[in-house]
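> Following this message is one structure expressed as structure tokens.
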Amino acid sequence: MGTLLIDKLLQTVCTQRASDLHLTVGSPPMLRLHGHMRPLATKVLESSDTTALMKSITPERCQQELQEVGGTDFGFAFGDMGRFRVAVFKQRGNVGLVLRRIPNEFLTFQQLGLPSVVEQLIQRPRGLILVTGPTGSGKTTSLASMINWINDNMDRHIITIEDPIEYYHKHKKSLINQREIGIDVPDFPEAIRRALRMDPDCILVGEMRDLATISAAITAAETGHIVFGTLHTNSAEGTVNRIIDVFPKDQQDQIRTQLSVAIIGILAQSLLPRKPKGLVAAYEMLVVTPAISNLIRENKTYRIDSSIQTGRKHGMILMDDSLYNLWRQGIVEDHEVLLKARKRDELFDRIEKAKLGIVEDDEEEEEEDN
């Protein structure tokens with residue numbers, strides 16, 4: 001029953017374009033569709049069902065890891081329909097699974113609504129570009145589209161370091177080597193160190209989650225490579241602080257200096273339900289100018305937000321401005337944008353004023369510019 005059922009379930013996920021499939025004991029299979037959890041009209045899963053489903057797709061080494069540490073992750077291809085990233089775990093002594101669908105097709109920057117300055121940043125010869133946001137905010141998709149753009153337009157050697165590999169890239173103008181943690185290389189810091197000996201132009205670091213990885217990524221960016229990384233932070237300012245806070249106090253001044261030179265851009269993103277259905281991303285974009293580089297070096301990150309606000313000509317935007325624009329354009333409901341706001345009260349006031357027809361001067365200018 002396992003294999004037959006999993007194929008049917010995966011087929012449903014792909015045809016409905018759901019983002020995730022949840023399989024847990026005591027519940028029917030659930031899809032996450034346009035951000036909402038939806039049960040499938042099938043039987044309630046028992047312990048034997050989730051175990052059989054798990055065994056039908058999980059590689060031997062991962063089944064072993066599940067037994068040893070109570071959880072495992074891997075990726076696999078479902079024919080031509082798409083790839084899945086799978087998290088298997090134990091809960092109440094039973095097996096549970098969450099399968100995240102990774103589409104086969106790459107989206108363009110226009111389709112994703114990415115800030116237009118991204119295209120200029122990724123063509124730089126060196127530097128660190130970070131894509132940040134909570135889990136499930138589309139970071140992987142944005143990075144995949146950046147790598148795909150480079151692959152379509154530039155002759156580069158690109159190395160991706162992922163856990164697990166999500167989007168598969170074909171060699172086009174560029175040569176792409178994708179290395180999976182646990183299969184091709186033991187861990188992120190080791191993979192970055194090795195990558196530097198492989199004549200790379202671009203290195204994608206799937207997750208910058210610890211000091212060793214962050215340190216290796218900054219070094220790679222300083223030594224003349226373009227490095228893409230992800231962090232689970234919600235804003236540009238928060239990202240800079242998070243990176244510096246990972247280091248011991250006595251190293252923080254040195255890291256501020258290194259980071260101020262290495263970092264060239266931060267894209268923070270958040271996904272919201274689009275009206276009437278679907279999802280849309282809101283973005284915060286920081287482009288590191290010499291002035292912002294100084295703020296990082298001098299430990300004045302609290303001034304980053306106002307620099308983004310005045311840096312519109314460089315392609316910068318604050319998250320709350322992006323959210324406001326999505327509401328103004330009628331794409332997202334006001335209560336949804338307020339849920340994701342960084343300064344909720346300020347955004348609420350702004351929306352209420354706009355409903356009364358009071359708009360701020362810079363918006364009028366913006367509307368004249370468009």
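Convention: chains lettered A, B, ... in structure tokens order; per-chain residue numbering from 1; ligands numbered from 1 as shown.
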Determine which residues of range 89-168 of chain A DSSP labels as helix (DSSP H, G or I) from the backbone of this structure, then write them out as a list in words.
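Helix (DSSP H, G or I) assignments inside range 89-168 of chain A correspond to Phe109, Gln110, Gln111, Leu112, Val117, Val118, Glu119, Gln120, Leu121, Lys139, Thr140, Thr141, Ser142, Leu143, Ala144, Ser145, Met146, Ile147, Asn148, Trp149, Ile150, Asn151, Asp152 and Asn153 of chain A.
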> Can you write just those residues out, N, CA and C atoms, as a PDB file, in the first residue's frame?

ATOM      1  N   PHE A 109      12.706  36.919 -12.120  1.00  0.00           N
ATOM      2  CA  PHE A 109      12.678  37.958 -11.091  1.00  0.00           C
ATOM      3  C   PHE A 109      11.342  38.710 -11.134  1.00  0.00           C
ATOM      4  N   GLN A 110      10.821  38.913 -12.372  1.00  0.00           N
ATOM      5  CA  GLN A 110       9.558  39.635 -12.527  1.00  0.00           C
ATOM      6  C   GLN A 110       8.413  38.833 -11.887  1.00  0.00           C
ATOM      7  N   GLN A 111       8.399  37.525 -12.154  1.00  0.00           N
ATOM      8  CA  GLN A 111       7.334  36.684 -11.584  1.00  0.00           C
ATOM      9  C   GLN A 111       7.385  36.683 -10.060  1.00  0.00           C
ATOM     10  N   LEU A 112       8.605  36.717  -9.522  1.00  0.00           N
ATOM     11  CA  LEU A 112       8.744  36.713  -8.065  1.00  0.00           C
ATOM     12  C   LEU A 112       8.543  38.106  -7.476  1.00  0.00           C
ATOM     13  N   VAL A 117      17.080  45.809  -8.391  1.00  0.00           N
ATOM     14  CA  VAL A 117      18.515  45.965  -8.132  1.00  0.00           C
ATOM     15  C   VAL A 117      19.216  44.612  -7.954  1.00  0.00           C
ATOM     16  N   VAL A 118      18.443  43.552  -7.665  1.00  0.00           N
ATOM     17  CA  VAL A 118      19.020  42.214  -7.474  1.00  0.00           C
ATOM     18  C   VAL A 118      19.851  41.809  -8.703  1.00  0.00           C
ATOM     19  N   GLU A 119      19.328  42.126  -9.880  1.00  0.00           N
ATOM     20  CA  GLU A 119      20.027  41.743 -11.120  1.00  0.00           C
ATOM     21  C   GLU A 119      21.426  42.375 -11.199  1.00  0.00           C
ATOM     22  N   GLN A 120      21.553  43.624 -10.736  1.00  0.00           N
ATOM     23  CA  GLN A 120      22.882  44.266 -10.748  1.00  0.00           C
ATOM     24  C   GLN A 120      23.797  43.632  -9.690  1.00  0.00           C
ATOM     25  N   LEU A 121      23.242  43.395  -8.508  1.00  0.00           N
ATOM     26  CA  LEU A 121      24.070  42.869  -7.404  1.00  0.00           C
ATOM     27  C   LEU A 121      24.688  41.517  -7.740  1.00  0.00           C
ATOM     28  N   LYS A 139      12.805  31.669   0.383  1.00  0.00           N
ATOM     29  CA  LYS A 139      14.237  31.996   0.203  1.00  0.00           C
ATOM     30  C   LYS A 139      14.871  31.092  -0.854  1.00  0.00           C
ATOM     31  N   THR A 140      14.579  29.793  -0.745  1.00  0.00           N
ATOM     32  CA  THR A 140      15.174  28.825  -1.683  1.00  0.00           C
ATOM     33  C   THR A 140      14.794  29.158  -3.117  1.00  0.00           C
ATOM     34  N   THR A 141      13.530  29.543  -3.308  1.00  0.00           N
ATOM     35  CA  THR A 141      13.031  29.857  -4.651  1.00  0.00           C
ATOM     36  C   THR A 141      13.722  31.100  -5.206  1.00  0.00           C
ATOM     37  N   SER A 142      13.875  32.134  -4.358  1.00  0.00           N
ATOM     38  CA  SER A 142      14.550  33.360  -4.814  1.00  0.00           C
ATOM     39  C   SER A 142      16.003  33.066  -5.183  1.00  0.00           C
ATOM     40  N   LEU A 143      16.692  32.307  -4.332  1.00  0.00           N
ATOM     41  CA  LEU A 143      18.099  31.973  -4.612  1.00  0.00           C
ATOM     42  C   LEU A 143      18.219  31.143  -5.876  1.00  0.00           C
ATOM     43  N   ALA A 144      17.300  30.178  -6.041  1.00  0.00           N
ATOM     44  CA  ALA A 144      17.353  29.328  -7.242  1.00  0.00           C
ATOM     45  C   ALA A 144      17.183  30.191  -8.491  1.00  0.00           C
ATOM     46  N   SER A 145      16.323  31.205  -8.415  1.00  0.00           N
ATOM     47  CA  SER A 145      16.117  32.037  -9.609  1.00  0.00           C
ATOM     48  C   SER A 145      17.334  32.924  -9.871  1.00  0.00           C
ATOM     49  N   MET A 146      18.049  33.327  -8.808  1.00  0.00           N
ATOM     50  CA  MET A 146      19.286  34.112  -9.002  1.00  0.00           C
ATOM     51  C   MET A 146      20.370  33.248  -9.653  1.00  0.00           C
ATOM     52  N   ILE A 147      20.523  32.033  -9.132  1.00  0.00           N
ATOM     53  CA  ILE A 147      21.526  31.111  -9.700  1.00  0.00           C
ATOM     54  C   ILE A 147      21.170  30.802 -11.154  1.00  0.00           C
ATOM     55  N   ASN A 148      19.882  30.598 -11.403  1.00  0.00           N
ATOM     56  CA  ASN A 148      19.427  30.298 -12.763  1.00  0.00           C
ATOM     57  C   ASN A 148      19.695  31.467 -13.713  1.00  0.00           C
ATOM     58  N   TRP A 149      19.517  32.716 -13.211  1.00  0.00           N
ATOM     59  CA  TRP A 149      19.783  33.904 -14.036  1.00  0.00           C
ATOM     60  C   TRP A 149      21.271  33.954 -14.417  1.00  0.00           C
ATOM     61  N   ILE A 150      22.123  33.712 -13.419  1.00  0.00           N
ATOM     62  CA  ILE A 150      23.573  33.701 -13.704  1.00  0.00           C
ATOM     63  C   ILE A 150      23.879  32.612 -14.735  1.00  0.00           C
ATOM     64  N   ASN A 151      23.286  31.448 -14.540  1.00  0.00           N
ATOM     65  CA  ASN A 151      23.496  30.298 -15.421  1.00  0.00           C
ATOM     66  C   ASN A 151      23.045  30.602 -16.858  1.00  0.00           C
ATOM     67  N   ASP A 152      21.972  31.380 -16.994  1.00  0.00           N
ATOM     68  CA  ASP A 152      21.460  31.745 -18.323  1.00  0.00           C
ATOM     69  C   ASP A 152      22.295  32.824 -18.999  1.00  0.00           C
ATOM     70  N   ASN A 153      22.893  33.705 -18.190  1.00  0.00           N
ATOM     71  CA  ASN A 153      23.482  34.929 -18.754  1.00  0.00           C
ATOM     72  C   ASN A 153      24.998  35.067 -18.639  1.00  0.00           C
TER      73      ASN A 153
END
> Would you work out the distance separating CA of Asn241 in chain A from CA of Asp253 in chain A, expressed in Å to one decimal?
12.2 Å
> With distances taken over only C-alpha atoms, which of A:Asn94, A:Thr132, A:Phe89, A:Ile57 is nearest to Leu45 in chain A?
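Result for the nearest residue to Leu45 in chain A: A:Asn94.
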> Would you please work out which residue, of A:Ser260, A:Thr310, A:Thr135, A:Asn294, is nearest to Asn234 in chain A when using only C-alpha atoms?
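Counting only C-alpha atoms, the residue closest to Asn234 in chain A is A:Thr135.
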